[in-house]
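Data from target-v8.txt: compact mmCIF, C-alpha atoms (C1' of nucleotides)
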```txt
# COMPACT_ATOMS: atom_id res chain seq x y z
CA MET A 18 0.00 0.00 0.00
CA LYS A 19 2.07 2.91 -1.21
CA LEU A 20 0.93 6.47 -0.93
CA SER A 21 1.46 8.61 -4.00
CA PRO A 22 1.10 12.33 -4.18
CA GLY A 23 -1.66 13.77 -6.31
CA ARG A 24 -5.17 15.05 -6.11
CA PRO A 25 -7.52 12.68 -4.25
CA LEU A 26 -10.67 11.18 -5.79
CA GLU A 27 -13.74 13.31 -5.28
CA PHE A 28 -16.14 10.38 -5.51
CA ASP A 29 -16.55 6.90 -4.09
CA PRO A 30 -15.68 4.46 -6.89
CA GLU A 31 -18.01 1.79 -5.54
CA VAL A 32 -20.95 4.17 -5.29
CA ALA A 33 -20.31 5.34 -8.84
CA LEU A 34 -19.96 1.76 -10.06
CA THR A 35 -23.21 0.79 -8.39
CA ALA A 36 -24.97 3.71 -10.05
CA ALA A 37 -23.63 2.65 -13.43
CA MET A 38 -24.71 -0.92 -12.77
CA GLN A 39 -28.24 0.15 -11.96
CA LEU A 40 -28.40 2.08 -15.19
CA PHE A 41 -27.07 -0.73 -17.38
CA TRP A 42 -29.40 -3.07 -15.57
CA LYS A 43 -32.40 -0.94 -16.36
CA LYS A 44 -31.59 0.22 -19.87
CA GLY A 45 -29.11 -2.25 -21.31
CA TYR A 46 -25.72 -1.49 -22.79
CA GLU A 47 -26.40 0.15 -26.13
CA SER A 48 -29.19 2.43 -25.09
CA THR A 49 -27.26 3.70 -22.10
CA SER A 50 -25.27 6.69 -23.28
CA MET A 51 -22.17 8.19 -21.77
CA GLN A 52 -24.22 11.21 -20.88
CA ASP A 53 -26.66 9.02 -18.96
CA LEU A 54 -23.80 7.39 -17.11
CA LEU A 55 -22.09 10.64 -16.18
CA GLN A 56 -25.32 12.02 -14.81
CA ALA A 57 -26.17 8.90 -12.81
CA MET A 58 -22.64 8.45 -11.50
CA ASN A 59 -22.31 12.17 -10.87
CA ILE A 60 -18.76 12.39 -12.15
CA SER A 61 -17.11 14.10 -15.08
CA LYS A 62 -16.20 12.42 -18.32
CA SER A 63 -12.51 12.72 -17.52
CA SER A 64 -13.01 10.98 -14.21
CA LEU A 65 -14.95 8.16 -15.81
CA TYR A 66 -12.29 7.46 -18.40
CA GLN A 67 -9.53 7.86 -15.85
CA ALA A 68 -11.13 5.59 -13.27
CA PHE A 69 -12.98 3.02 -15.39
CA GLY A 70 -11.35 3.15 -18.81
CA GLY A 71 -14.41 3.66 -21.01
CA LYS A 72 -17.93 2.42 -21.60
CA GLN A 73 -17.12 -1.17 -22.43
CA GLN A 74 -14.67 -1.64 -19.56
CA LEU A 75 -17.07 0.02 -17.17
CA PHE A 76 -19.77 -2.35 -18.31
CA GLU A 77 -17.61 -5.38 -17.64
CA LYS A 78 -16.87 -4.11 -14.14
CA CYS A 79 -20.63 -3.65 -13.69
CA MET A 80 -21.24 -7.24 -14.72
CA ASP A 81 -18.83 -8.49 -12.07
CA HIS A 82 -20.29 -6.14 -9.51
CA TYR A 83 -23.77 -7.38 -10.34
CA GLY A 84 -22.67 -10.98 -9.91
CA ASP A 85 -21.21 -10.26 -6.48
CA PHE A 86 -24.26 -8.25 -5.48
CA MET A 87 -26.90 -10.72 -6.65
CA VAL A 88 -25.19 -13.95 -5.71
CA GLY A 89 -24.57 -12.47 -2.27
CA LYS A 90 -28.25 -11.70 -1.87
CA MET A 91 -29.20 -15.18 -3.02
CA ARG A 92 -26.71 -16.87 -0.73
CA THR A 93 -27.97 -15.09 2.35
CA ALA A 94 -31.57 -15.73 1.32
CA LEU A 95 -30.79 -19.42 0.95
CA ALA A 96 -29.07 -19.48 4.32
CA ASP A 97 -32.00 -17.71 5.97
CA SER A 98 -34.61 -19.88 4.32
CA PRO A 99 -36.15 -22.62 6.46
CA THR A 100 -36.02 -25.09 3.56
CA GLY A 101 -34.23 -25.40 0.23
CA LEU A 102 -37.52 -25.79 -1.57
CA GLY A 103 -38.87 -22.69 0.15
CA PHE A 104 -35.96 -20.69 -1.18
CA ILE A 105 -36.61 -21.93 -4.70
CA ARG A 106 -40.27 -20.99 -4.46
CA LEU A 107 -39.35 -17.59 -3.07
CA LEU A 108 -36.86 -16.99 -5.85
CA LEU A 109 -39.31 -17.87 -8.60
CA GLY A 110 -41.96 -15.81 -6.88
CA SER A 111 -39.73 -12.76 -6.83
CA VAL A 112 -40.42 -12.31 -10.52
CA LEU A 113 -44.04 -11.61 -9.65
CA ASP A 114 -43.02 -8.26 -8.18
CA GLU A 115 -41.94 -7.17 -11.63
CA ALA A 116 -45.17 -8.43 -13.18
CA ARG A 117 -47.22 -6.55 -10.59
CA GLY A 118 -45.36 -3.37 -11.41
CA THR A 119 -44.26 -3.15 -7.79
CA SER A 120 -40.68 -3.00 -8.99
CA GLU A 121 -39.40 -2.21 -12.43
CA ALA A 122 -39.33 -5.00 -14.99
CA ARG A 123 -35.63 -4.74 -15.60
CA GLY A 124 -34.98 -8.47 -15.37
CA CYS A 125 -31.50 -9.75 -14.65
CA LEU A 126 -28.43 -7.94 -15.93
CA VAL A 127 -26.71 -11.16 -16.92
CA LEU A 128 -29.67 -12.54 -18.85
CA ASN A 129 -30.40 -9.15 -20.37
CA THR A 130 -26.83 -9.01 -21.58
CA ALA A 131 -27.04 -12.52 -23.01
CA ASN A 132 -30.06 -11.42 -25.01
CA GLU A 133 -28.57 -8.12 -26.11
CA PHE A 134 -25.17 -9.38 -27.21
CA ALA A 135 -25.95 -12.97 -28.15
CA ARG A 136 -22.33 -14.07 -28.20
CA ARG A 137 -21.33 -11.35 -30.63
CA ASN A 138 -18.71 -10.07 -28.21
CA PRO A 139 -16.40 -12.79 -26.84
CA THR A 140 -15.41 -10.80 -23.75
CA VAL A 141 -19.01 -10.14 -22.83
CA ALA A 142 -19.96 -13.72 -23.65
CA GLU A 143 -17.45 -14.95 -21.10
CA ALA A 144 -18.77 -12.57 -18.45
CA VAL A 145 -22.29 -13.84 -19.15
CA ALA A 146 -21.21 -17.46 -18.86
CA THR A 147 -19.43 -16.75 -15.60
CA GLY A 148 -22.38 -14.92 -14.10
CA LEU A 149 -24.81 -17.60 -15.15
CA GLY A 150 -22.58 -20.27 -13.69
CA ARG A 151 -22.61 -18.54 -10.33
CA PHE A 152 -26.40 -18.40 -10.30
CA HIS A 153 -26.55 -22.01 -11.33
CA ASN A 154 -24.36 -22.99 -8.40
CA VAL A 155 -26.68 -21.36 -5.89
CA LEU A 156 -29.68 -23.11 -7.40
CA GLN A 157 -27.81 -26.39 -7.42
CA ASP A 158 -27.01 -26.04 -3.72
CA ALA A 159 -30.65 -25.25 -3.05
CA VAL A 160 -31.77 -28.36 -4.92
CA ARG A 161 -29.30 -30.57 -3.07
CA ARG A 162 -30.44 -29.13 0.22
CA ALA A 163 -34.06 -29.78 -0.72
CA GLN A 164 -33.09 -33.34 -1.56
CA ALA A 165 -31.40 -33.74 1.82
CA GLU A 166 -34.53 -32.37 3.43
CA GLY A 167 -36.71 -34.86 1.59
CA ASP A 168 -38.59 -32.35 -0.55
CA ILE A 169 -37.03 -33.45 -3.84
CA PRO A 170 -36.44 -37.11 -4.68
CA PRO A 171 -32.73 -37.92 -4.21
CA GLU A 172 -32.48 -39.80 -7.49
CA ARG A 173 -33.18 -36.69 -9.53
CA ASP A 174 -30.22 -34.98 -11.21
CA ALA A 175 -29.49 -31.80 -9.25
CA VAL A 176 -27.53 -30.25 -12.12
CA MET A 177 -30.39 -30.78 -14.54
CA LEU A 178 -32.93 -29.39 -12.11
CA ALA A 179 -30.77 -26.35 -11.44
CA ASN A 180 -30.48 -25.72 -15.15
CA PHE A 181 -34.22 -26.13 -15.47
CA LEU A 182 -34.75 -23.55 -12.74
CA VAL A 183 -32.38 -21.05 -14.34
CA SER A 184 -34.20 -21.51 -17.62
CA ASN A 185 -37.54 -20.91 -15.93
CA MET A 186 -36.31 -17.81 -14.14
CA SER A 187 -35.17 -16.52 -17.47
CA GLY A 188 -38.45 -17.33 -19.19
CA LEU A 189 -40.49 -15.75 -16.43
CA LYS A 190 -38.45 -12.57 -16.55
CA THR A 191 -38.87 -12.30 -20.29
CA LEU A 192 -42.61 -12.91 -20.07
CA SER A 193 -42.81 -10.28 -17.39
CA LYS A 194 -41.24 -7.79 -19.76
CA ALA A 195 -43.65 -8.97 -22.43
CA GLY A 196 -46.48 -7.85 -20.15
CA ALA A 197 -47.73 -11.20 -18.86
CA ASP A 198 -50.28 -10.93 -16.07
CA GLU A 199 -49.59 -12.15 -12.57
CA ALA A 200 -52.04 -15.04 -12.73
CA SER A 201 -50.35 -16.56 -15.76
CA MET A 202 -47.00 -16.33 -14.10
CA ARG A 203 -48.28 -17.92 -10.93
CA GLY A 204 -49.51 -20.79 -13.05
CA ILE A 205 -46.13 -21.20 -14.70
CA ILE A 206 -44.40 -21.24 -11.33
CA GLU A 207 -46.87 -23.83 -10.09
CA VAL A 208 -46.11 -26.13 -13.02
CA ALA A 209 -42.38 -25.61 -12.62
CA MET A 210 -42.47 -26.39 -8.90
CA LYS A 211 -44.47 -29.53 -9.58
CA ALA A 212 -41.77 -30.60 -12.03
CA LEU A 213 -39.24 -30.81 -9.21
CA VAL A 214 -40.91 -33.50 -7.14
CA MET B 25 -58.47 -2.08 -57.53
CA LYS B 26 -57.87 1.24 -59.14
CA LEU B 27 -54.89 1.92 -61.35
CA SER B 28 -53.10 5.18 -60.75
CA PRO B 29 -50.52 6.74 -63.02
CA GLY B 30 -47.00 7.08 -61.76
CA ARG B 31 -43.71 5.30 -61.79
CA PRO B 32 -44.01 1.65 -60.76
CA LEU B 33 -42.20 0.10 -57.78
CA GLU B 34 -38.81 -1.30 -58.67
CA PHE B 35 -38.83 -3.79 -55.82
CA ASP B 36 -41.12 -6.40 -54.32
CA PRO B 37 -42.39 -4.95 -51.03
CA GLU B 38 -42.78 -8.37 -49.46
CA VAL B 39 -39.26 -9.42 -50.37
CA ALA B 40 -37.90 -6.18 -48.95
CA LEU B 41 -40.00 -6.56 -45.82
CA THR B 42 -38.74 -10.09 -45.31
CA ALA B 43 -35.15 -8.92 -45.66
CA ALA B 44 -35.75 -6.23 -43.06
CA MET B 45 -37.40 -8.77 -40.77
CA GLN B 46 -34.42 -11.10 -41.00
CA LEU B 47 -32.11 -8.25 -40.07
CA PHE B 48 -34.16 -7.06 -37.09
CA TRP B 49 -34.47 -10.66 -36.05
CA LYS B 50 -30.74 -11.16 -36.07
CA LYS B 51 -29.54 -7.82 -34.71
CA GLY B 52 -32.43 -6.30 -32.81
CA TYR B 53 -33.98 -2.89 -33.34
CA GLU B 54 -31.47 -0.41 -31.98
CA SER B 55 -28.34 -1.93 -33.40
CA THR B 56 -29.85 -2.25 -36.85
CA SER B 57 -29.08 0.97 -38.68
CA MET B 58 -30.86 2.48 -41.64
CA GLN B 59 -27.76 1.80 -43.68
CA ASP B 60 -27.93 -1.88 -42.76
CA LEU B 61 -31.58 -2.00 -43.74
CA LEU B 62 -31.10 -0.24 -47.07
CA GLN B 63 -28.33 -2.63 -47.98
CA ALA B 64 -30.25 -5.75 -46.97
CA MET B 65 -33.49 -4.61 -48.58
CA ASN B 66 -31.62 -3.35 -51.61
CA ILE B 67 -33.68 -0.19 -51.95
CA SER B 68 -32.93 3.49 -51.61
CA LYS B 69 -33.62 5.57 -48.55
CA SER B 70 -36.36 7.46 -50.38
CA SER B 71 -38.09 4.22 -51.27
CA LEU B 72 -37.94 2.96 -47.71
CA TYR B 73 -39.48 6.09 -46.27
CA GLN B 74 -42.04 6.26 -49.05
CA ALA B 75 -43.07 2.60 -48.79
CA PHE B 76 -42.66 1.86 -45.09
CA GLY B 77 -42.70 5.23 -43.36
CA GLY B 78 -39.52 5.02 -41.32
CA LYS B 79 -37.55 2.72 -39.08
CA GLN B 80 -40.10 2.34 -36.32
CA GLN B 81 -43.04 1.75 -38.64
CA LEU B 82 -41.01 -0.67 -40.68
CA PHE B 83 -40.17 -2.54 -37.52
CA GLU B 84 -43.80 -2.86 -36.57
CA LYS B 85 -44.61 -4.26 -39.98
CA CYS B 86 -41.76 -6.70 -39.50
CA MET B 87 -43.24 -7.83 -36.21
CA ASP B 88 -46.56 -8.61 -37.86
CA HIS B 89 -44.80 -10.27 -40.75
CA TYR B 90 -42.81 -12.38 -38.33
CA GLY B 91 -45.95 -13.44 -36.51
CA ASP B 92 -47.61 -14.55 -39.74
CA PHE B 93 -44.46 -16.32 -40.87
CA MET B 94 -43.72 -18.14 -37.65
CA VAL B 95 -47.26 -19.02 -36.62
CA GLY B 96 -47.81 -20.35 -40.12
CA LYS B 97 -44.80 -22.60 -39.82
CA MET B 98 -45.93 -23.81 -36.41
CA ARG B 99 -49.47 -24.47 -37.56
CA THR B 100 -48.40 -26.63 -40.47
CA ALA B 101 -45.85 -28.42 -38.27
CA LEU B 102 -48.60 -29.15 -35.78
CA ALA B 103 -50.90 -30.38 -38.53
CA ASP B 104 -48.17 -32.59 -39.96
CA SER B 105 -47.13 -33.98 -36.61
CA PRO B 106 -48.38 -37.48 -35.76
CA THR B 107 -49.14 -36.42 -32.17
CA GLY B 108 -49.61 -33.19 -30.24
CA LEU B 109 -46.94 -34.19 -27.78
CA GLY B 110 -44.55 -34.96 -30.63
CA PHE B 111 -45.01 -31.45 -31.94
CA ILE B 112 -44.25 -29.98 -28.54
CA ARG B 113 -41.10 -32.05 -28.24
CA LEU B 114 -40.08 -31.05 -31.74
CA LEU B 115 -40.65 -27.39 -31.01
CA LEU B 116 -38.61 -27.41 -27.81
CA GLY B 117 -35.93 -29.40 -29.59
CA SER B 118 -35.67 -26.82 -32.34
CA VAL B 119 -33.79 -24.59 -29.93
CA LEU B 120 -30.99 -27.13 -29.91
CA ASP B 121 -30.09 -26.15 -33.46
CA GLU B 122 -29.15 -22.72 -32.19
CA ALA B 123 -27.13 -24.19 -29.33
CA ARG B 124 -25.27 -26.47 -31.73
CA GLY B 125 -24.35 -23.50 -33.86
CA THR B 126 -26.12 -25.16 -36.80
CA SER B 127 -28.26 -22.08 -37.16
CA GLU B 128 -27.64 -18.65 -35.73
CA ALA B 129 -28.67 -17.99 -32.14
CA ARG B 130 -31.00 -15.20 -33.03
CA GLY B 131 -33.86 -16.43 -30.88
CA CYS B 132 -37.39 -15.25 -31.53
CA LEU B 133 -38.09 -11.76 -32.79
CA VAL B 134 -41.05 -11.30 -30.45
CA LEU B 135 -39.18 -12.41 -27.34
CA ASN B 136 -36.08 -10.48 -28.37
CA THR B 137 -38.22 -7.39 -28.72
CA ALA B 138 -39.82 -7.96 -25.33
CA ASN B 139 -36.35 -8.03 -23.82
CA GLU B 140 -35.05 -5.06 -25.74
CA PHE B 141 -37.96 -2.70 -25.19
CA ALA B 142 -39.36 -3.98 -21.89
CA ARG B 143 -42.65 -2.13 -22.20
CA ARG B 144 -40.96 1.22 -22.66
CA ASN B 145 -42.77 1.70 -25.96
CA PRO B 146 -46.54 1.12 -25.74
CA THR B 147 -46.94 0.46 -29.45
CA VAL B 148 -44.20 -2.14 -29.47
CA ALA B 149 -45.49 -3.60 -26.20
CA GLU B 150 -48.82 -4.26 -27.84
CA ALA B 151 -47.20 -5.91 -30.83
CA VAL B 152 -45.25 -8.13 -28.47
CA ALA B 153 -48.36 -9.09 -26.55
CA THR B 154 -50.19 -9.90 -29.76
CA GLY B 155 -47.38 -12.02 -31.14
CA LEU B 156 -46.95 -13.88 -27.89
CA GLY B 157 -50.67 -14.54 -27.74
CA ARG B 158 -50.58 -16.14 -31.16
CA PHE B 159 -47.76 -18.45 -30.15
CA HIS B 160 -49.59 -19.30 -26.97
CA ASN B 161 -52.66 -20.29 -28.96
CA VAL B 162 -50.72 -22.78 -31.06
CA LEU B 163 -49.20 -24.33 -27.97
CA GLN B 164 -52.59 -24.46 -26.31
CA ASP B 165 -54.05 -26.31 -29.29
CA ALA B 166 -51.13 -28.72 -29.19
CA VAL B 167 -51.70 -29.40 -25.50
CA ARG B 168 -55.43 -30.00 -26.00
CA ARG B 169 -54.70 -32.34 -28.85
CA ALA B 170 -52.19 -34.21 -26.69
CA GLN B 171 -54.86 -34.46 -24.03
CA ALA B 172 -57.34 -35.85 -26.55
CA GLU B 173 -54.70 -38.33 -27.62
CA GLY B 174 -54.13 -39.45 -24.04
CA ASP B 175 -50.55 -38.17 -23.73
CA ILE B 176 -51.40 -35.44 -21.25
CA PRO B 177 -53.86 -35.96 -18.38
CA PRO B 178 -57.18 -34.29 -19.27
CA GLU B 179 -57.55 -32.68 -15.84
CA ARG B 180 -54.48 -30.49 -16.35
CA ASP B 181 -55.05 -26.84 -17.24
CA ALA B 182 -54.20 -26.43 -20.93
CA VAL B 183 -53.78 -22.67 -20.62
CA MET B 184 -51.34 -23.03 -17.78
CA LEU B 185 -49.34 -25.69 -19.58
CA ALA B 186 -49.22 -23.59 -22.73
CA ASN B 187 -47.92 -20.65 -20.73
CA PHE B 188 -45.38 -22.93 -19.13
CA LEU B 189 -44.20 -24.05 -22.55
CA VAL B 190 -43.89 -20.51 -23.86
CA SER B 191 -41.87 -19.62 -20.78
CA ASN B 192 -39.59 -22.58 -21.33
CA MET B 193 -39.10 -21.80 -25.01
CA SER B 194 -38.10 -18.33 -23.96
CA GLY B 195 -35.73 -19.54 -21.28
CA LEU B 196 -34.09 -22.02 -23.60
CA LYS B 197 -33.54 -19.41 -26.26
CA THR B 198 -31.95 -17.04 -23.78
CA LEU B 199 -29.70 -19.76 -22.40
CA SER B 200 -28.72 -20.65 -25.93
CA LYS B 201 -27.59 -17.07 -26.46
CA ALA B 202 -25.77 -17.25 -23.15
CA GLY B 203 -23.72 -20.07 -24.58
CA ALA B 204 -25.29 -23.08 -22.85
CA ASP B 205 -24.12 -26.43 -24.14
CA GLU B 206 -26.41 -28.85 -25.90
CA ALA B 207 -26.41 -31.43 -23.12
CA SER B 208 -27.67 -28.94 -20.54
CA MET B 209 -30.43 -27.88 -22.83
CA ARG B 210 -31.47 -31.46 -23.53
CA GLY B 211 -31.72 -31.93 -19.79
CA ILE B 212 -33.92 -28.89 -19.41
CA ILE B 213 -36.21 -30.09 -22.18
CA GLU B 214 -36.41 -33.49 -20.54
CA VAL B 215 -37.51 -31.97 -17.23
CA ALA B 216 -40.01 -29.71 -18.98
CA MET B 217 -41.56 -32.57 -20.93
CA LYS B 218 -41.85 -34.60 -17.76
CA ALA B 219 -43.74 -31.70 -16.20
CA LEU B 220 -46.54 -32.11 -18.72
CA VAL B 221 -47.62 -35.62 -17.80
C1' DA C 30 8.25 27.23 -1.87
C1' DC C 31 8.90 23.94 -5.26
C1' DT C 32 8.09 19.67 -7.74
C1' DA C 33 6.06 15.45 -9.20
C1' DA C 34 1.85 13.06 -9.42
C1' DT C 35 -3.00 12.60 -9.82
C1' DC C 36 -7.73 14.10 -10.59
C1' DT C 37 -11.13 17.23 -12.91
C1' DG C 38 -13.31 20.71 -16.29
C1' DT C 39 -13.60 22.40 -20.92
C1' DA C 40 -13.40 22.11 -25.42
C1' DC C 41 -13.16 19.57 -29.11
C1' DC C 42 -12.97 15.44 -32.50
C1' DG C 43 -14.66 12.51 -36.58
C1' DA C 44 -18.16 9.20 -37.28
C1' DT C 45 -22.68 7.83 -37.31
C1' DT C 46 -27.52 8.28 -36.15
C1' DG C 47 -32.49 8.70 -38.23
C1' DG C 48 -34.76 11.85 -41.12
C1' DT C 49 -35.92 15.45 -44.89
C1' DA C 50 -35.97 18.47 -49.25
C1' DC C 51 -36.05 18.48 -53.84
C1' DA C 52 -34.95 17.57 -58.41
C1' DT C 53 -35.23 13.71 -61.67
C1' DT C 54 -37.23 9.75 -63.79
C1' DA C 55 -40.87 6.69 -65.22
C1' DT C 56 -45.50 5.47 -65.79
C1' DA C 57 -50.96 5.92 -67.07
C1' DA C 58 -54.77 8.71 -68.47
C1' DG C 59 -56.47 12.55 -71.33
C1' DC D 4 -47.91 15.00 -76.72
C1' DT D 5 -49.24 16.82 -72.53
C1' DT D 6 -50.22 16.28 -67.80
C1' DA D 7 -50.98 14.34 -63.33
C1' DT D 8 -49.05 10.98 -60.25
C1' DA D 9 -45.87 8.24 -58.06
C1' DA D 10 -41.02 6.23 -57.29
C1' DT D 11 -36.17 7.11 -57.07
C1' DG D 12 -31.35 9.43 -56.52
C1' DT D 13 -28.69 13.04 -54.50
C1' DA D 14 -27.59 16.06 -51.30
C1' DC D 15 -28.15 17.61 -47.10
C1' DC D 16 -29.63 18.23 -42.00
C1' DA D 17 -29.15 18.72 -36.80
C1' DA D 18 -28.33 15.67 -33.08
C1' DT D 19 -25.93 12.41 -30.84
C1' DC D 20 -22.52 8.79 -30.41
C1' DG D 21 -18.03 7.34 -27.78
C1' DG D 22 -13.59 9.15 -27.22
C1' DT D 23 -9.44 12.42 -26.74
C1' DA D 24 -6.31 16.51 -25.82
C1' DC D 25 -4.92 19.57 -22.69
C1' DA D 26 -4.99 23.11 -19.34
C1' DG D 27 -6.18 23.86 -14.50
C1' DA D 28 -6.78 22.26 -9.81
C1' DT D 29 -5.37 19.70 -5.71
C1' DT D 30 -2.56 16.85 -3.17
C1' DA D 31 2.18 14.60 -0.81
C1' DG D 32 6.99 14.66 -0.53
C1' DT D 33 11.26 17.36 -0.57
```
Transcribe the structure of this file into structure tokens.
Amino acid sequence: MKLSPGRPLEFDPEVALTAAMQLFWKKGYESTSMQDLLQAMNISKSSLYQAFGGKQQLFEKCMDHYGDFMVGKMRTALADSPTGLGFIRLLLGSVLDEARGTSEARGCLVLNTANEFARRNPTVAEAVATGLGRFHNVLQDAVRRAQAEGDIPPERDAVMLANFLVSNMSGLKTLSKAGADEASMRGIIEVAMKALV
Amino acid sequence: MKLSPGRPLEFDPEVALTAAMQLFWKKGYESTSMQDLLQAMNISKSSLYQAFGGKQQLFEKCMDHYGDFMVGKMRTALADSPTGLGFIRLLLGSVLDEARGTSEARGCLVLNTANEFARRNPTVAEAVATGLGRFHNVLQDAVRRAQAEGDIPPERDAVMLANFLVSNMSGLKTLSKAGADEASMRGIIEVAMKALV
DNA sequence: ACTAATCTGTACCGATTGGTACATTATAAG
DNA sequence: CTTATAATGTACCAATCGGTACAGATTAGT
């Protein structure tokens, strides 16, 4: 930890990064302009380029930040949940908030990015794969715990079920953006939950 | 059918519309530029504005065109399929082509649009809802036929199952864009199919 | 006080965006 | 052949895109 002379930062990099993340999350990469970012992060263009390197590099940092943020939330939710199956139901149900309009239908930054870039950018594709893998791992742990607790038959393939759950989360989030009503989504969740036992 | 004087069209509007549709399908709305469209449609800018009104209006026409095109394909596939359940399996399996890299991972124009616009544009939101409804109807018919054929229990809610299938199609397409391998996707399809019986 | 290092504000860059104005060309009806 | 109508080609528009150059401001060490 060496101290160098020079003017100190006038902003908190993590706060600024979080603001950028929220914006990318809500609007996607392409339709988020530098101007939008500067306003949301409340820093000058020079500072952004100096501290984050540019739009693309900032976006990649946001993807990582999102992964940490969201996986952290999921991990604590899983730990706090009385049962593994309860956590899964809660997670699927969280999409209903978006459908109700309670929260914004901004989906998941990782899945949004997968849809927006569709493997066109190798760097981004890798970040998407990494993020998705982390979510998968949480779901897989939840499934295994539910199996240990007797709520899911032990002979079922936990990896497959975790993949199935990720796919359903993704589908639900897309349908939510498509304007699906809450009742339809409840039905989908019901069918998906029944598929686990 | 009245004949008016004036210079005749030098292009087939349907051919041009299809070319535009393919481009929007592959690249999305925002990242498809006018220049891209003119090149793919092989018409001049004047002709595009004269015949289609502009980018946004052209896009809406493409959405309708896509709906006709895709629902038509699905309807004939369903009619040609020996069983309703076979059609459903075939439809879900079609996503594997994208995962294999056999065909491009461009997903579904309606779902892509839902993800890109996320209800920000009311006009587009309505087009998305309409398109999705048409897909849902095909799936619903397939489920009812499978029920009549004894492959799906008659007491199960056909609407719910159709919604579930749309959601899974969507999830699979997103995961395909995220770079999921074929084996994972086969597993997901297996779980989803099992959820129907 | 001076210097080296770092951050910030201002002004600017070429490229590209979707869209428009208008003259020119090609047809059908009279 | 003239005229009304419609399609096309050319030139242009302001606005915005992400990015850069550079001077000014603010610090720590000497």
Considering only C-alpha atoms (C1' of nucleotides), tabulate each residue of chain C that lies at most 12 Å from chain A along with its nearest interatomic pair and the corresponding distance in Å to one decimal; arrange the rows by chain and ascending residue number and present them as a tab-separated table.
```
residue	atom	partner	partner_atom	distance
C:DT32	C1'	A:Pro22	CA	10.7
C:DA33	C1'	A:Pro22	CA	7.7
C:DA34	C1'	A:Gly23	CA	4.7
C:DT35	C1'	A:Gly23	CA	3.9
C:DC36	C1'	A:Arg24	CA	5.2
C:DT37	C1'	A:Ser63	CA	6.6
C:DG38	C1'	A:Ser61	CA	7.7
C:DT39	C1'	A:Ser63	CA	10.3
```
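Closest approach to chain D among B:Leu82, B:Leu72, B:Arg168, B:Arg158: B:Leu72, based on all atoms listed in the file.
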Mind dumping a table of every chain D residue within 7 Å of chain A, with the nearest atom pair and its distance in Å to one decimal, using only C-alpha atoms (C1' of nucleotides), sorted by chain and rising number, as CSV?
```
residue,atom,partner,partner_atom,distance
D:DT29,C1',A:Arg24,CA,4.7
D:DT30,C1',A:Arg24,CA,4.3
D:DA31,C1',A:Pro22,CA,4.2
```
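Atom CA of B:Thr56 lies 21.2 Å from atom C1' of C:DG43.
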Exercise for the section: Excluding A:Gln39 and any residue of its chain fewer than 3 positions from it, enumerate the residues within 10 Å of it, using all atoms listed in the file, and give them as a ChimeraX atom specification. Expected result: /A:33-36,42-45,54,57,79,83,123,126
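Atom CA of B:Lys85 to atom CA of B:Arg99 spans 20.9 Å [interatomic distance, one decimal].
Distance-wise, atom CA of B:His89 and atom CA of B:Ala170 end up 28.7 Å apart.
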Practice task
Skip C:DA50 itself and residues of its chain fewer than 3 positions away, then list as a VMD selection string all residues within 12 Å of it, counting all atoms listed in the file.
Solution key: (chain B and resid 70) or (chain D and resid 13 to 16)
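Minimum distance to D:DG32 across C:DC41, C:DC31, C:DG48, C:DT53 (counting only C-alpha atoms (C1' of nucleotides)) occurs at C:DC31.
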Exercise for the section: Compile the contact shell of C:DC42 as a PyMOL selection string: residues with an atom at most 10 Å away, counting all atoms listed in the file, same-chain residues fewer than 4 positions apart removed. Expected result: chain D and resi 22-24
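Using all atoms listed in the file for every distance, the candidate list B:His160, B:Thr147, B:Ala166, B:Leu62 yields B:Ala166 as the residue closest to B:Ile112.
With only C-alpha atoms (C1' of nucleotides) as the basis for measurement, D:DA26 is the residue among D:DA26, D:DA17, D:DC4, D:DA9 that approaches C:DA40 most closely.
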All file atoms of stretch 122-131 of chain A boxed axis-aligned, 4 Å per side, centre plus edges, as lines of an AutoDock Vina configuration file:
```
center_x = -33.0
center_y = -8.6
center_z = -18.8
size_x = 20.6
size_y = 15.8
size_z = 16.4
```
